[in-house]
Each structure stands twice: as structure tokens, then as C-alpha cells.
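All remarks here apply to the structure that follows.
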Amino acid sequence: MLPWCETCNNHHWPARARCPTCDEAAGWRQAHGKGRIVSYSVVVRAVNPELKDDAPYVIAFVELDEGVRLFTNIVDARVEALHCGMRVQCRFEPSLDPQLWVPVFAPDPS
Amino acid sequence: MAVIAGVAELPQGRSDLPHTMALHEQLATLALQDAGLELQDVDAILTVSPRSDPYLIHATGLAEYLGITPPIAWTLEAGGAAPAAMVDVARGLVDGGRASSVLILAADMPLGSVSRDAYVGNLAEVGPIHPDIERPYGPSVPSMFALVARAHMEQYGTQAEHLAAVAIQNRRCAGLHPNAHYRDAFDIAAYHASKLIAEPLRLLDCAPVSDGGGAIVVTSADIARRCNANAVKVLGAGFASGHMHLSAAESLTGFKAGDALDQALRLARLSRENIDLALVYDCFTIAMLINLEDLGFVPKGQAGPAFLDGRFEPAGVDAIVPVNTHGGLLSHGHPARAGGMGHLVEAVLQLRGAAGDRQLDKVDIAMVHGMGGVFATHGVLLLGGA
């Protein structure tokens, strides 16, 4: 689901009180979960103690086909194969807080 | 008219002072001495809240520690744009008749008071990272700048050699500064050998964590004259903000520093060509390059090649403008919440002709740029000799 404005037919992100384009109240709409990597970084030195064992891991900005840019992790990918523009697909995984599942992205097989 | 009448800093790096208040007290004493004023003359104190000292209203706590009761004791939050913001607020207080002498302090002891790891972790917890939509993915602050660096490389062809040129030049400048945290020069091979922190950024792309900071005294031109202070004028100030969290930024490769400079230039009735020295916020090498482009000293995408060609060298033959003669945050030091205070102190010293081995031949106008967050908020001061 992504914030969606009925008035100007646009998604936006992050979620805001009002649509940043037309200032109307915004709702939510199902997204397709596909997009491309805009930028990524391999975190060699983790900051959070809980993540020390996971390093190196990949953080990234992914631009969804709906046109918004999400901060996320890239998973199931060889680091050497990563590149800007790479097609990726969303799935949900538990975060540091196991109650909270967050969208992460893996290489798009299609 | 308000002027900067006093400045002070101490060696950046690991401080052996017992706590952050002691550092503030020493800096206050030195800056007031430099201005020819007494502690009792201070009727306004402005500070940033140091990460290493948990006071609700830090400036009021500092006044208490110093044993004075100025009517105004305010703490201001603007990240690395705070030094510029504090000077502009002080100028308003003095010019508006609310205060006669304003003591501005930004100092922090992230090494002395807490462990380096705790500090870096803390920065990621309460720093420029969004608690809900960014933090769950485990970003460090360097990794946020790494995303910007990769995007800039992708869009403009910026290379590791360009980032290295920034780190190498800053270190060479810091070698001439007795207060700099890191002074030993290094070459491109040492840069490539430094460990990766968050690809594509290496350790030498990142500013160190330093104890340090500085103090400034703003007062009226009349008082400065009476005290025989070597005063510097504030010719213009400008501010701009685009986002708080990188997720909400319009672009990943260009931000708002230029808007802040445009405003300051309009107020000062000056143009970019008048600037003899640019102190640019450089918490990471990529920040120096992007800020130089956004400030309009070079077209977008060209800061890296220009830097590598030596066009921002202090003594460059074909220089566009000399930058960060003190070594910048990258080598002079990055005292946590007090980041950018060294830029301001250096501008004043250069304008006074008191920068020692680093002194440039001609400095009539100096620009100080500060930045908070990941390119989030910007403050620019234009300073000139009295």
C-alpha cells in the first residue's frame, strides 16, 4: 500500500498529512511492488549492535513503478551483481522489531 | 551594527578536560579575552546542545555554570547550520537593542564523555535517520551519505579519485593547523587502502569524531572599537531547508545550499566572484563536492574533476576559490553537535590576517557554509574585514 491522492492521481512518499502536490487529503492504494534500484550501499560496519552479525548488508533507495522512492534493504542478491537501474521486487520481512514487518526488495526474476 | 569581535578554539581531538562544561568555560574565557570583554558584559548566551551533556536548556545550564544570569540564554537546534544561525540571531539581538554582547558557544566532547561507538550508534538512533521508514533497515549515517555518493557517481560519473582529492587536500591543509585533529598527509594509495565503511565511502571519506568546538563573541561595532577588538563584519546571511530525512528529499544529488548563498549575497549586495575564501561543510568527501556544486561555484557534476585539478586549492594558480584552509571537518575535526564552528573561526582568522602558515594573500570576503542532517538544512554567512 502507498499513499495515493484521488485528486491529482499521484502516489507520494513518505506519507504526509496532505498530498504534497495538490494539498488535498490523501488515501492509500495497493502498489504492484516492482521497481528499480536508484542507489545502494553495502554497509560494512553496522551501527546497531543487533545488526553486527548481519553486516555486510545492503541499504538502498528503490524507485517503484508507481513513481515513489522507498528506503529499503536489498536481499537475496550477490553484491557484485548489484547496479543502479536493476529491477527488483518487493516482499515483506520481519525487522529488528519482530512485530514489525517491513518491505524489502530482491532481484526481480521476470 | 553588529560585528564578530572575538573567537576562540582549542586543539580538536581527544580532550583531557573532565567534562563538556569545562571545555565551554575555557572557550568562553578565550573568546571574551579576544574581544576585550569580561564575562559580566555578556547579556546573551547562545549554544547548541552538546551530545555529551544532557541539559534541558543547555545555554541556561552554561550560564549557571559560568555564574552569570544573562536575560537571554537560549539553545538552538539546526545541526551543522547552527553556527550560522546563532550568528544571525546574535546580530538581530544586538541590532535590535535586545543585547549588547552575545556569547556564542558550540562545543562537544563525544570522545571524552562517551565511547566513540556509543556516539556513532547514538547518531544513527537520534540523528538524521527517520525512526519509522529508515531506521528498521539498519542505516548508519555514513551509509546515507554513501547512497548520495553512489547516486552522484551514477548521474555524473563522479569517481573515487574525486572523493580522494577532497580528503587529501583537506589533510594537507590541516597539516598547517596547530589545532587540527589529524595532520599527517596521505596519498591516493593510502586512501584506497583505508577500509570500507559503507560502499562507496571509505574511512578517509568520513570526518572523524572529535572533542572540540569553538566560541564567538558578537557585539556592536561601537563596543568592539572601544575594546580595541579586531572585529569582522557580518555582511549577509541566508538559510534554506529542503527535507529532514533523505527519504523525503526531492533529489538525491542536488540540494538547497545555493538558495542560502543567494539570499546572503542579495543582503550583502555581492556576487560569487567576490568570495575570496569558501568554508564548505564537508562531513563527508561527497558533501564537499555536492555543496560546491549546489553553492554554484561549478556546474552540477563538475566539482569532482575541478577538485582533482586543484581548482579549490588554497594557492591554486587557476583556482575558482580556495576552500577549507583549516582542513575542514574531514581533518581539522568534527566535534559532533558543534560541527562547523571551526569553519566560522577559520573565516574570522583569515579575514584578520591571523591564520599563521595557512594565511591566504588576499581575503576580503569569506563565505561560511553550514549544513544540518543529510543535506537537509543550510546556513551561509558572508563575512568581511572591518
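If you're wondering about the labels, chains in the C-alpha cells are A, B, ... by order shown, residues count from 1 in each chain, ligands from 1 in order shown.
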
Dump as JSON lines the rows for residues of chain B within 9 Å of chain A: closest atom pair and distance in Å with one decimal, only C-alpha atoms counted, ordered by chain and rising residue number.
{"residue": "B:Asp117", "atom": "CA", "partner": "A:Val47", "partner_atom": "CA", "distance": 8.0}
{"residue": "B:Val120", "atom": "CA", "partner": "A:Val47", "partner_atom": "CA", "distance": 7.0}
{"residue": "B:Gly121", "atom": "CA", "partner": "A:Val47", "partner_atom": "CA", "distance": 5.2}
{"residue": "B:Asn122", "atom": "CA", "partner": "A:Val47", "partner_atom": "CA", "distance": 8.8}
{"residue": "B:Ala124", "atom": "CA", "partner": "A:Val47", "partner_atom": "CA", "distance": 7.1}
{"residue": "B:Glu125", "atom": "CA", "partner": "A:Asn48", "partner_atom": "CA", "distance": 8.5}
{"residue": "B:Ile133", "atom": "CA", "partner": "A:Phe71", "partner_atom": "CA", "distance": 7.0}
{"residue": "B:Glu134", "atom": "CA", "partner": "A:Phe71", "partner_atom": "CA", "distance": 6.1}
{"residue": "B:Pro136", "atom": "CA", "partner": "A:Ser95", "partner_atom": "CA", "distance": 5.9}
{"residue": "B:Tyr137", "atom": "CA", "partner": "A:Asn73", "partner_atom": "CA", "distance": 6.0}
{"residue": "B:Gly138", "atom": "CA", "partner": "A:Asn48", "partner_atom": "CA", "distance": 6.7}
{"residue": "B:Pro139", "atom": "CA", "partner": "A:Ile59", "partner_atom": "CA", "distance": 6.8}
{"residue": "B:Ser140", "atom": "CA", "partner": "A:Val47", "partner_atom": "CA", "distance": 5.8}
{"residue": "B:Val141", "atom": "CA", "partner": "A:Val47", "partner_atom": "CA", "distance": 8.9}
{"residue": "B:Pro142", "atom": "CA", "partner": "A:Val43", "partner_atom": "CA", "distance": 8.8}
{"residue": "B:Ser143", "atom": "CA", "partner": "A:Ser41", "partner_atom": "CA", "distance": 6.3}
{"residue": "B:Met144", "atom": "CA", "partner": "A:Ser41", "partner_atom": "CA", "distance": 8.2}
{"residue": "B:Ala146", "atom": "CA", "partner": "A:Ser41", "partner_atom": "CA", "distance": 6.0}
{"residue": "B:Leu147", "atom": "CA", "partner": "A:Tyr40", "partner_atom": "CA", "distance": 5.5}
{"residue": "B:Val148", "atom": "CA", "partner": "A:Ser39", "partner_atom": "CA", "distance": 7.5}
{"residue": "B:Ala149", "atom": "CA", "partner": "A:Ser39", "partner_atom": "CA", "distance": 8.7}
{"residue": "B:Arg150", "atom": "CA", "partner": "A:Ser39", "partner_atom": "CA", "distance": 5.9}
{"residue": "B:Ala151", "atom": "CA", "partner": "A:Ser39", "partner_atom": "CA", "distance": 5.3}
{"residue": "B:Glu154", "atom": "CA", "partner": "A:Cys84", "partner_atom": "CA", "distance": 7.3}
{"residue": "B:Leu196", "atom": "CA", "partner": "A:Val44", "partner_atom": "CA", "distance": 6.6}
{"residue": "B:Ile197", "atom": "CA", "partner": "A:Val44", "partner_atom": "CA", "distance": 5.3}
{"residue": "B:Ala198", "atom": "CA", "partner": "A:Val43", "partner_atom": "CA", "distance": 4.4}
{"residue": "B:Glu199", "atom": "CA", "partner": "A:Ser41", "partner_atom": "CA", "distance": 5.1}
{"residue": "B:Pro200", "atom": "CA", "partner": "A:Ser41", "partner_atom": "CA", "distance": 6.8}
{"residue": "B:Leu201", "atom": "CA", "partner": "A:Ser41", "partner_atom": "CA", "distance": 8.8}
{"residue": "B:Leu246", "atom": "CA", "partner": "A:Phe71", "partner_atom": "CA", "distance": 8.7}
{"residue": "B:Ser247", "atom": "CA", "partner": "A:Phe71", "partner_atom": "CA", "distance": 6.3}
{"residue": "B:Ala248", "atom": "CA", "partner": "A:Pro14", "partner_atom": "CA", "distance": 6.1}
{"residue": "B:Leu252", "atom": "CA", "partner": "A:Ser39", "partner_atom": "CA", "distance": 8.8}

Written file, previous selection with C-alpha atoms, as a compact mmCIF listing (two decimals), in the first residue's frame:
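See result_19.txt below for the written result:
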# COMPACT_ATOMS: atom_id res chain seq x y z
CA ASP B 117 30.95 3.51 19.24
CA VAL B 120 28.19 6.75 16.33
CA GLY B 121 25.33 4.46 17.38
CA ASN B 122 23.54 7.32 19.08
CA ALA B 124 22.07 6.72 13.96
CA GLU B 125 19.36 6.45 16.63
CA ILE B 133 10.74 4.30 7.50
CA GLU B 134 14.59 4.31 7.58
CA PRO B 136 14.39 -0.50 10.60
CA TYR B 137 16.77 -1.13 7.66
CA GLY B 138 19.92 -0.50 9.70
CA PRO B 139 21.44 2.55 8.02
CA SER B 140 24.44 4.30 9.56
CA VAL B 141 24.95 7.99 8.89
CA PRO B 142 27.90 7.23 6.54
CA SER B 143 25.64 4.85 4.61
CA MET B 144 23.11 7.65 3.97
CA ALA B 146 27.05 6.69 0.60
CA LEU B 147 23.65 6.48 -1.12
CA VAL B 148 24.04 10.10 -2.19
CA ALA B 149 27.61 9.43 -3.38
CA ARG B 150 26.52 6.42 -5.47
CA ALA B 151 23.65 8.37 -7.00
CA GLU B 154 25.71 7.20 -11.44
CA LEU B 196 35.33 0.50 3.51
CA ILE B 197 32.70 1.86 5.89
CA ALA B 198 29.66 1.94 3.60
CA GLU B 199 30.38 1.41 -0.09
CA PRO B 200 31.48 3.51 -1.90
CA LEU B 201 32.70 5.51 1.13
CA LEU B 246 16.71 11.74 2.87
CA SER B 247 13.61 9.66 2.02
CA ALA B 248 11.70 12.93 1.58
CA LEU B 252 19.49 12.54 -4.22

Problem set entry | Those of chain A in DSSP helix (DSSP H, G or I), formatted as number ranges by chain | A: 49-51, 79-81

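Reported to one decimal place, the separation of CA of Ala366 (chain B) from CA of Asp187 (chain B) is 28.7 Å.
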
At most 12 Å is the cut-off: for each residue in region 220-266 of chain B with any atom that close to an atom of region 155-174 of chain B, write down the nearest atom pair and the distance in Å rounded to one decimal, counting only C-alpha atoms, chain first then increasing number, as a tab-separated table.
residue	atom	partner	partner_atom	distance
B:Ser251	CA	B:Gln155	CA	11.3
B:Leu252	CA	B:Gln155	CA	9.9
B:Thr253	CA	B:Gln155	CA	8.1
B:Gly254	CA	B:Gln155	CA	10.9

If you keep C-alpha atoms, can you produce a file of those selected residues as a compact mmCIF listing (two decimals), in the first residue's frame?
# COMPACT_ATOMS: atom_id res chain seq x y z
CA SER B 251 16.64 14.74 -5.47
CA LEU B 252 19.49 12.54 -4.22
CA THR B 253 22.19 14.57 -5.97
CA GLY B 254 21.32 18.25 -5.53

For this session: For Met1 (chain A), list every protein, DNA or RNA residue within 9 Å, evaluated using only C-alpha atoms, and leave out those in the same chain fewer than 4 positions away; present the list as a ChimeraX atom specification.
Result: /A:28-33

Please save C-alpha atoms of the selected residues as a tab-separated table (two decimals), in the first residue's frame.
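This is the output file part_23.tsv:
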chain	number	residue	atom	x	y	z
A	28	TRP	CA	-3.88	4.66	0.32
A	29	ARG	CA	-3.82	2.38	-2.69
A	30	GLN	CA	-2.32	-1.02	-3.44
A	31	ALA	CA	1.09	-0.84	-5.19
A	32	HIS	CA	2.45	-3.51	-7.55
A	33	GLY	CA	5.70	-3.96	-5.63

Seminar exercise, completed: If you count only C-alpha atoms, the residue of B:Gly384, B:Gly373, B:Pro299, B:Pro178 closest to Ala355 (chain B) turns out to be B:Pro178

Exercise. Which residues come within 12 Å of His343 (chain B), counting only C-alpha atoms, excluding same-chain residues fewer than 3 positions away, as a PyMOL selection string?
Worked result: chain B and resi 7-9+80-84+106+180+213-216+277-283+323-335+338-340+346-350+366-371+380-381+383

Selected residues written out with C-alpha atoms, as a PDB file, in the first residue's frame:
ATOM      1  CA  VAL B   7      36.786  33.981  18.507  1.00  0.00           C
ATOM      2  CA  ALA B   8      38.384  31.005  20.232  1.00  0.00           C
ATOM      3  CA  GLU B   9      39.099  27.358  19.711  1.00  0.00           C
ATOM      4  CA  GLY B  80      25.691  21.942  11.260  1.00  0.00           C
ATOM      5  CA  ALA B  81      23.846  25.086  10.175  1.00  0.00           C
ATOM      6  CA  ALA B  82      23.675  26.186  13.831  1.00  0.00           C
ATOM      7  CA  PRO B  83      26.837  28.342  13.867  1.00  0.00           C
ATOM      8  CA  ALA B  84      25.449  30.490  11.031  1.00  0.00           C
ATOM      9  CA  ALA B 106      29.305  25.287  20.173  1.00  0.00           C
ATOM     10  CA  ALA B 180      43.716  20.155  13.713  1.00  0.00           C
ATOM     11  CA  GLY B 213      34.326  23.265  19.024  1.00  0.00           C
ATOM     12  CA  GLY B 214      34.697  26.988  19.390  1.00  0.00           C
ATOM     13  CA  ALA B 215      33.334  30.255  20.739  1.00  0.00           C
ATOM     14  CA  ILE B 216      32.387  33.561  19.092  1.00  0.00           C
ATOM     15  CA  LEU B 277      37.577  32.022   0.638  1.00  0.00           C
ATOM     16  CA  ALA B 278      34.835  29.391   0.896  1.00  0.00           C
ATOM     17  CA  LEU B 279      34.445  27.335   4.070  1.00  0.00           C
ATOM     18  CA  VAL B 280      32.192  24.498   2.949  1.00  0.00           C
ATOM     19  CA  TYR B 281      30.541  21.864   5.143  1.00  0.00           C
ATOM     20  CA  ASP B 282      32.419  18.616   4.491  1.00  0.00           C
ATOM     21  CA  CYS B 283      31.307  15.959   6.986  1.00  0.00           C
ATOM     22  CA  VAL B 323      38.244  26.108   0.240  1.00  0.00           C
ATOM     23  CA  ASN B 324      38.618  24.868   3.816  1.00  0.00           C
ATOM     24  CA  THR B 325      42.087  26.233   4.535  1.00  0.00           C
ATOM     25  CA  HIS B 326      41.827  24.801   8.080  1.00  0.00           C
ATOM     26  CA  GLY B 327      41.335  21.222   6.898  1.00  0.00           C
ATOM     27  CA  GLY B 328      37.558  21.092   7.216  1.00  0.00           C
ATOM     28  CA  LEU B 329      35.517  18.688   9.261  1.00  0.00           C
ATOM     29  CA  LEU B 330      37.398  15.914   7.479  1.00  0.00           C
ATOM     30  CA  SER B 331      40.773  16.708   9.092  1.00  0.00           C
ATOM     31  CA  HIS B 332      40.537  19.768  11.366  1.00  0.00           C
ATOM     32  CA  GLY B 333      37.879  17.763  13.169  1.00  0.00           C
ATOM     33  CA  HIS B 334      34.174  17.115  13.622  1.00  0.00           C
ATOM     34  CA  PRO B 335      33.138  17.877  17.196  1.00  0.00           C
ATOM     35  CA  ALA B 338      29.484  21.622  17.258  1.00  0.00           C
ATOM     36  CA  GLY B 339      30.350  20.690  13.662  1.00  0.00           C
ATOM     37  CA  GLY B 340      31.031  23.741  11.507  1.00  0.00           C
ATOM     38  CA  GLU B 346      38.831  29.989  10.392  1.00  0.00           C
ATOM     39  CA  ALA B 347      36.930  32.620   8.370  1.00  0.00           C
ATOM     40  CA  VAL B 348      37.488  35.206  11.102  1.00  0.00           C
ATOM     41  CA  LEU B 349      41.187  34.329  11.470  1.00  0.00           C
ATOM     42  CA  GLN B 350      41.759  34.540   7.704  1.00  0.00           C
ATOM     43  CA  ALA B 366      34.835  34.904   3.294  1.00  0.00           C
ATOM     44  CA  MET B 367      31.844  32.590   2.947  1.00  0.00           C
ATOM     45  CA  VAL B 368      30.942  30.122   5.706  1.00  0.00           C
ATOM     46  CA  HIS B 369      28.515  27.349   4.781  1.00  0.00           C
ATOM     47  CA  GLY B 370      27.000  25.010   7.363  1.00  0.00           C
ATOM     48  CA  MET B 371      24.721  22.035   6.827  1.00  0.00           C
ATOM     49  CA  VAL B 380      25.513  30.665   4.914  1.00  0.00           C
ATOM     50  CA  LEU B 381      27.339  33.690   6.326  1.00  0.00           C
ATOM     51  CA  LEU B 383      31.945  37.912   6.478  1.00  0.00           C
TER      52      LEU B 383
END

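Checking A:Glu63, A:Glu93, A:Asp108, A:Ala17 one by one against Ala77 (chain A), counting only C-alpha atoms, you find the shortest gap at A:Asp108.
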
Seminar exercise, completed: From CA of Met244 (chain B) to CA of Gly92 (chain B) the spacing works out at 25.9 Å

For this session: One decimal, Å: what's the distance from CA of Ala229 (chain B) over to CA of Ala63 (chain B), could you say?
Result: 23.4 Å
